[in-house]
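Please read the structure below before turning to the comments.
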Amino acid sequence: MKKIYTLLIVYSAFTLSVLAQTVNLDLRRSIELANDSSLQAFRAKNLYMANYWEYRTFKAGRLPSLSLSTMPLQYRRDFTRRYDSDKNIDVYRQQQSLYTYGNLSVSQNFDLTGGTFFLDSELGYMRNLGDNTYSQFNSVPIRIGYSQALFGFNSFKWEKKIGPLKYERAKKQFLYSKEEISESVIQYFFSLAMAQMEFDMAKDNVASSDTLYHIGQERHKIASISQADLLTLKLDAVNARNTYRNAEINLKRAMFSFVSFLNINKETLISLDLPDRPENIQISVDLALQYARQNNPDFLGYKQDLFEAEREVDRTKKSSNFDASFSVSVGFNQVAGNFAGAYNRPLQQDVVSVGFTIPLLDWGVRKGRANMARNNLNVTKISLQQKELSLEQDIIMTVNDFNIQQSLISSAEEALGLATMAYNVTKERFIIGKADLNSLTLSLNRQNSAQRNYISSLRDYWLNYYKLRKLTLFDFLGQEVLTEQFDRIEHIKD
């Protein structure tokens, strides 16, 4: 059943004095607006972009880097200590010098071993000033080398493992946040729909109670009803007007909350189209769990937390042992008094170095850190298992609620139709004197309750559906993974 609740609310009731724009919104369009312009959407988008650029930085770190190190000019005029071989003593002598230097280097990290390859070229110029003036050029036309820690922590390996996972989690967290926004929209949407329904019922009830009171006055004149029944009808009319005023206030609040959440003009008037319930779709628990394990960012977060705990164990374990570093480079170099000579017949330059760092006594600090990291890893594993079980239970319960909710909507639709028919019949019978006041009141209450139950059932249906979309990041109506939709849109933008 589809029913349009149109909010034709003049600003005399909303304390506004200007003509406002009226916008017709259904649930789908409301969700689109919220995901485009709400403050929650802006926050989710910026969080995603921050993680996106972090991932771009990670990808750039996997590529060769080119850097230039230079000292354009260094001038020194000071006293420096020198050894006088004739007198066999150290003496201070004045010195003036001019120095400039430049190095152009290309480096590439090697994830498998944690080492770094480099290729560079450098040139230096030195000129001594004063009594003995002379100049020298020092060049390294080309040099290639490699360096790494032999037994130390390999950060490159863990970055390669965690970096893509972290970005994939951020992307899915962005989609997860959008589905959370959709859930919020549904709450505001149906709160406004319920407020409008209460307002419409209150308005109809005012007119109906006034009519019934006037009819009661005429029937009381001919002693068809008692004085008590007439007073009850008058009380119903007074209460109906009070209810109408309260419903008007609640409608104003629901309208303001809805447009504020959508972040649109506060003067906008909204016309709501209640959504139809789509055709029955039975969702399998096993299928929902499968999509959740593949797409839910929490599952990726659990995996990331586990990797980070394992990384810390690896770091502390290797830092507790002795460390060794190794570097080797092969190239050419030359020294000459002029620029051309510095590149003429350069000599081979070979450098090999091995270094060791051996902890001798630290009173168990390194060992304690390693044990702490291992214990934290065990705690993380247990905690992640508990979180996975809790998330799976939430998915199972939501699937069951959704499947049950479909039959509840059918019952609510049928009950609303029957209650409306029953009230209309009872009202007509009361007017002609064939039904008493209690029957009319009971029939009206049943109709109002049926309307509330219908909107509540419709709200719960869509809330459960979008909660399942959030938990699984899967569109069960379109039969498509939401990340595939997102990747396709982002590819078009790129």
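To be explicit about the labels: the chains of the structure tokens are called A, B, and onward in the order shown, and within each one the residues are counted from 1, while ligands get numbers from 1 in the order they are shown.
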Considering only C-alpha atoms, tabulate each residue of stretch 102-160 of chain A that lies at most 10 Å from stretch 338-356 of chain A along with its nearest interatomic pair and the corresponding distance in Å to one decimal; arrange the rows by chain and ascending residue number and present them as JSON lines.
```
{"residue": "A:Leu123", "atom": "CA", "partner": "A:Ala342", "partner_atom": "CA", "distance": 8.8}
{"residue": "A:Gly124", "atom": "CA", "partner": "A:Ala342", "partner_atom": "CA", "distance": 9.7}
{"residue": "A:Tyr125", "atom": "CA", "partner": "A:Phe339", "partner_atom": "CA", "distance": 8.8}
{"residue": "A:Ser135", "atom": "CA", "partner": "A:Asn338", "partner_atom": "CA", "distance": 7.6}
{"residue": "A:Gln136", "atom": "CA", "partner": "A:Asn338", "partner_atom": "CA", "distance": 6.6}
{"residue": "A:Phe137", "atom": "CA", "partner": "A:Ala342", "partner_atom": "CA", "distance": 5.8}
{"residue": "A:Asn138", "atom": "CA", "partner": "A:Ala342", "partner_atom": "CA", "distance": 6.1}
{"residue": "A:Ser139", "atom": "CA", "partner": "A:Ala342", "partner_atom": "CA", "distance": 5.7}
{"residue": "A:Val140", "atom": "CA", "partner": "A:Pro346", "partner_atom": "CA", "distance": 8.2}
{"residue": "A:Pro141", "atom": "CA", "partner": "A:Tyr343", "partner_atom": "CA", "distance": 7.0}
{"residue": "A:Ile142", "atom": "CA", "partner": "A:Gln349", "partner_atom": "CA", "distance": 9.8}
{"residue": "A:Arg143", "atom": "CA", "partner": "A:Gln349", "partner_atom": "CA", "distance": 8.2}
{"residue": "A:Ile144", "atom": "CA", "partner": "A:Asp350", "partner_atom": "CA", "distance": 10.0}
{"residue": "A:Gly145", "atom": "CA", "partner": "A:Val351", "partner_atom": "CA", "distance": 8.9}
{"residue": "A:Tyr146", "atom": "CA", "partner": "A:Val352", "partner_atom": "CA", "distance": 9.8}
{"residue": "A:Ser147", "atom": "CA", "partner": "A:Ser353", "partner_atom": "CA", "distance": 9.2}
{"residue": "A:Gln148", "atom": "CA", "partner": "A:Val354", "partner_atom": "CA", "distance": 10.0}
{"residue": "A:Ala149", "atom": "CA", "partner": "A:Gly355", "partner_atom": "CA", "distance": 9.1}
{"residue": "A:Leu150", "atom": "CA", "partner": "A:Val354", "partner_atom": "CA", "distance": 9.5}
```
Each residue of stretch 175-267 of chain A with at least one atom at most 12 Å from stretch 482-485 of chain A should appear once, together with its nearest atom pair and the corresponding distance in Å (one decimal); atoms considered: only C-alpha atoms; ordering: chain, then increasing residue number; output as a tab-separated table.
```
residue	atom	partner	partner_atom	distance
A:Leu175	CA	A:Leu482	CA	7.5
A:Tyr176	CA	A:Leu482	CA	9.6
A:Lys178	CA	A:Leu482	CA	10.7
A:Glu179	CA	A:Leu482	CA	10.2
```
Keeping only N, CA and C atoms, write the selected residues to a file as an mmCIF file, in the first residue's frame.
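Result file part.cif:
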```cif
data_model
loop_
_atom_site.group_PDB
_atom_site.id
_atom_site.type_symbol
_atom_site.label_atom_id
_atom_site.label_comp_id
_atom_site.auth_asym_id
_atom_site.auth_seq_id
_atom_site.Cartn_x
_atom_site.Cartn_y
_atom_site.Cartn_z
ATOM 1 N N LEU A 175 31.713 3.331 2.619
ATOM 2 C CA LEU A 175 30.420 2.804 2.187
ATOM 3 C C LEU A 175 29.557 2.428 3.396
ATOM 4 N N TYR A 176 30.200 1.884 4.420
ATOM 5 C CA TYR A 176 29.497 1.536 5.662
ATOM 6 C C TYR A 176 28.884 2.790 6.286
ATOM 7 N N LYS A 178 28.007 5.500 4.712
ATOM 8 C CA LYS A 178 26.896 5.939 3.877
ATOM 9 C C LYS A 178 25.628 5.158 4.211
ATOM 10 N N GLU A 179 25.783 3.867 4.485
ATOM 11 C CA GLU A 179 24.611 3.073 4.865
ATOM 12 C C GLU A 179 24.114 3.465 6.252
#
```
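Residues of stretch 356-488 of chain A that DSSP places in strand (DSSP E), based on the backbone of this structure, are A:Phe356, A:Thr357, A:Phe474, A:Asp475, A:Glu480, A:Val481.
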Could you write out that same residue set with N, CA and C atoms as a PDB file, in the first residue's frame?
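Result saved to part_32.pdb:
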```
ATOM      1  N   PHE A 356      77.771  -4.348  13.608  1.00  0.00           N
ATOM      2  CA  PHE A 356      77.046  -5.175  14.575  1.00  0.00           C
ATOM      3  C   PHE A 356      76.639  -4.327  15.768  1.00  0.00           C
ATOM      4  N   THR A 357      75.421  -4.596  16.243  1.00  0.00           N
ATOM      5  CA  THR A 357      74.965  -4.010  17.502  1.00  0.00           C
ATOM      6  C   THR A 357      74.556  -5.168  18.397  1.00  0.00           C
ATOM      7  N   PHE A 474      26.123  -5.160   0.542  1.00  0.00           N
ATOM      8  CA  PHE A 474      25.564  -5.836  -0.622  1.00  0.00           C
ATOM      9  C   PHE A 474      24.139  -5.340  -0.844  1.00  0.00           C
ATOM     10  N   ASP A 475      23.834  -5.013  -2.100  1.00  0.00           N
ATOM     11  CA  ASP A 475      22.496  -4.571  -2.481  1.00  0.00           C
ATOM     12  C   ASP A 475      21.674  -5.805  -2.866  1.00  0.00           C
ATOM     13  N   GLU A 480      24.065  -6.706  -6.208  1.00  0.00           N
ATOM     14  CA  GLU A 480      25.394  -6.222  -6.558  1.00  0.00           C
ATOM     15  C   GLU A 480      26.140  -5.803  -5.294  1.00  0.00           C
ATOM     16  N   VAL A 481      27.434  -6.085  -5.277  1.00  0.00           N
ATOM     17  CA  VAL A 481      28.275  -5.661  -4.164  1.00  0.00           C
ATOM     18  C   VAL A 481      28.475  -4.150  -4.251  1.00  0.00           C
TER      19      VAL A 481
END
```
Backbone DSSP call of helix (DSSP H, G or I) for stretch 213-456 of chain A, listed as a VMD selection string: chain A and resid 213 to 221 227 to 262 285 to 295 297 to 319 341 to 343 365 to 431 437 to 456
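Note that the spacing between atom CA of A:Lys172 and atom CA of A:Asn296 amounts to 6.9 Å.
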Close residues, stretch 59-69 of chain A itself excluded, 8 Å, only C-alpha atoms, min 6 positions apart in chain, as a ChimeraX atom specification: /A:102-109
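Closest approach to A:Ser407 among A:Ser457, A:Ser329, A:Ser260, A:Thr243 is made by A:Ser457 (distances from only C-alpha atoms).
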All residues 7 Å or closer to A:Gly152, only C-alpha atoms, same chain fewer than 6 positions away omitted, as a list in words: Lys318, Ser319 and Asp323 of chain A
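Minimum atom-to-atom distance to A:Met421, evaluated using only C-alpha atoms, belongs to A:Arg446 out of A:Arg43, A:Lys160, A:Arg446, A:Arg293.
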Near-A:Pro72 list (9 Å; only C-alpha atoms; drop same-chain fewer than 4 positions) as a VMD selection string: chain A and resid 99 to 102
Write the residues of the selection above to a file with N, CA and C atoms, as a PDB file, in the first residue's frame.
```
ATOM      1  N   TYR A  99      83.431  26.145  -0.195  1.00  0.00           N
ATOM      2  CA  TYR A  99      83.085  24.751  -0.499  1.00  0.00           C
ATOM      3  C   TYR A  99      81.668  24.703  -1.047  1.00  0.00           C
ATOM      4  N   THR A 100      81.456  23.861  -2.060  1.00  0.00           N
ATOM      5  CA  THR A 100      80.115  23.609  -2.597  1.00  0.00           C
ATOM      6  C   THR A 100      80.023  22.143  -2.972  1.00  0.00           C
ATOM      7  N   TYR A 101      78.770  21.606  -2.904  1.00  0.00           N
ATOM      8  CA  TYR A 101      78.622  20.149  -3.061  1.00  0.00           C
ATOM      9  C   TYR A 101      77.218  19.850  -3.574  1.00  0.00           C
ATOM     10  N   GLY A 102      77.097  18.795  -4.390  1.00  0.00           N
ATOM     11  CA  GLY A 102      75.796  18.354  -4.870  1.00  0.00           C
ATOM     12  C   GLY A 102      75.788  16.858  -5.103  1.00  0.00           C
TER      13      GLY A 102
END
```
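Between atom CA of A:Asn263 and atom CA of A:Gln40 the separation is 9.8 Å.
Interatomic distance, atom CA of A:Lys303 to atom CA of A:Asp286: 20.9 Å.
Counting only C-alpha atoms, the residue from A:Thr398, A:Asn154, A:Gln95, A:Thr211 that sits nearest to A:Arg469 is A:Thr398.
Among A:Gly417, A:Gly337, A:Pro275, A:Gly301, the residue with the shortest atom-to-atom distance to A:Arg169, counting only C-alpha atoms, is A:Gly301.
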